[in-house]
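Taking it in order: structure first as structure tokens, then the write-up.
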Amino acid sequence: QVQLVESGGGLVQAGGSLRLSCAASGRTFSKSTMGWFRQAPGKEREFVASITWSDGSPYYADSVKGRFTISRDNAKNTVHLQMNVLSPEDTAVYYCAAQHYGGSTRQEVSRPWQYSYWGQGTQVTVSS
């Protein structure tokens with residue numbers, strides 16, 4: 001069983017930055033593709049970014065490319081999402097997710113149903 005705990009959310013003004021972290025329990029982190037998703041009120045959960053377990057390749061949604069950076073620290077069982085130049089459209093609950101021995105292509109890592117484990121989410125609110 002894998003437990004994921006997100007932190008780092010909060011309220012920030014447009015143009016500001018936040019760094020989200022996700023701490024994972026268990027021994028399978030280094031063999032897990034990790035992802036970040038977000039869900040705004042009234043909208044479906046959408047892909048934000050992922051990083052593969054096999055070679056650390058990052059993938060991003062077009063809406064965040066160039067502004068967000070995903071990284072992982074296998075020694076500390078953590079994955080981070082650095083978010084810069086935030087806009088009100090980024091307001092959502094952000095979820096960390098893990099897929100054990102997950103995929104290595106964008107098509108294999110960008111859909112919620114591909115992930116087996118989820119955190120409880122952290123709220124990010126960007127004011128205009």
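Chain lettering (A, B, ...) mirrors the order of the structure tokens, residue numbering begins at 1 for each chain separately, and ligand numbering begins at 1 in order of display.
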**Message:** Give me, as a PyMOL selection string, all polymer residues having an atom no more than 12 Å from Gln114 of chain A, counting only C-alpha atoms and skipping those fewer than 5 positions away in the same chain.
**Reply:** chain A and resi 32-35+37+47+50+97-104+106-109
Can you write just those residues out, C-alpha atoms, as a PDB file, in the first residue's frame?
ATOM      1  CA  SER A  32       6.626   4.478  -9.539  1.00  0.00           C
ATOM      2  CA  THR A  33       5.764   7.022 -12.164  1.00  0.00           C
ATOM      3  CA  MET A  34       4.469  10.058 -10.306  1.00  0.00           C
ATOM      4  CA  GLY A  35       1.907  12.538 -11.497  1.00  0.00           C
ATOM      5  CA  PHE A  37      -3.398  16.422 -11.429  1.00  0.00           C
ATOM      6  CA  PHE A  47      -3.426  16.216 -15.991  1.00  0.00           C
ATOM      7  CA  SER A  50       4.260  13.608 -14.528  1.00  0.00           C
ATOM      8  CA  ALA A  97      -0.713  10.288  -7.846  1.00  0.00           C
ATOM      9  CA  ALA A  98       1.437   7.200  -8.305  1.00  0.00           C
ATOM     10  CA  GLN A  99       1.470   4.300 -10.706  1.00  0.00           C
ATOM     11  CA  HIS A 100       3.723   1.407  -9.815  1.00  0.00           C
ATOM     12  CA  TYR A 101       5.978   0.502 -12.728  1.00  0.00           C
ATOM     13  CA  GLY A 102       4.070   3.106 -14.663  1.00  0.00           C
ATOM     14  CA  GLY A 103       4.272   4.031 -18.272  1.00  0.00           C
ATOM     15  CA  SER A 104       7.002   5.955 -19.986  1.00  0.00           C
ATOM     16  CA  ARG A 106       2.857  10.773 -22.490  1.00  0.00           C
ATOM     17  CA  GLN A 107      -0.125   8.642 -23.446  1.00  0.00           C
ATOM     18  CA  GLU A 108       0.644   6.255 -20.598  1.00  0.00           C
ATOM     19  CA  VAL A 109       1.056   8.846 -17.841  1.00  0.00           C
TER      20      VAL A 109
END
**Message:** Using only C-alpha atoms, which protein or nucleic acid residues come within 12 Å of segment 69-73 of chain A? Drop anything in the same chain fewer than 2 positions from it, and give the result as a PyMOL selection string.
**Reply:** chain A and resi 17-24+29-37+48-53+55-61+64-67+75-85+96
**Request:** Kindly give the distance, in Å, that separates atom CA of Asp90 of chain A and atom CA of Tyr117 of chain A, rounded to a single decimal.
**Result:**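 Atom-to-atom, atom CA of Asp90 of chain A and atom CA of Tyr117 of chain A are spaced 22.9 Å apart.
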**Request:** Enumerate, as JSON, numbers by chain, the complete set of residues in segment 18-107 of chain A that a backbone-based DSSP assignment places in strand (DSSP E).
**Result:** {"A": [18, 19, 20, 21, 22, 23, 24, 32, 33, 34, 35, 36, 37, 38, 39, 46, 47, 48, 49, 50, 51, 58, 59, 60, 68, 69, 70, 71, 72, 73, 78, 79, 80, 81, 82, 83, 92, 93, 94, 95, 96, 97, 98, 99, 100]}
**Pick from A:Leu86, A:Ala92, A:Val124, A:Val2 nearest to Thr28 of chain A, counting only C-alpha atoms** =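 Closest to Thr28 of chain A, using only C-alpha atoms: A:Val2.
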**Contacts of Ser128 of chain A within 7 Å, only C-alpha atoms, excl. fewer than 4 positions in-chain, as a list in words** =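 Surrounding residues, per the criterion: Gln13, Ala14 and Pro88 of chain A.
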**Asked** Between A:Lys43, A:Phe68, A:Gly26, A:Gly16, which is the closest to Gln3 of chain A once you count only C-alpha atoms?
**Response** A:Gly26
**Asked** So how many Å separate atom CA of Gly119 of chain A and atom CA of Asn74 of chain A, to one decimal?
**Response**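 One can read the atom CA of Gly119 of chain A to atom CA of Asn74 of chain A distance as 17.7 Å.
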**Message:** Quick check, in Å to one decimal: how far apart do atom CA of Ala40 of chain A and atom CA of Pro112 of chain A lie?
**Reply:**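 Computed distance, atom CA of Ala40 of chain A to atom CA of Pro112 of chain A, equals 14.7 Å.
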**Prompt:** With only C-alpha atoms as the basis for distance, which of A:Gly15, A:Ser7, A:Val126, A:Tyr115 is at the shortest distance from Glu89 of chain A?
**Reply:**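 Once distances to Glu89 of chain A are computed over only C-alpha atoms, the minimum belongs to A:Val126.
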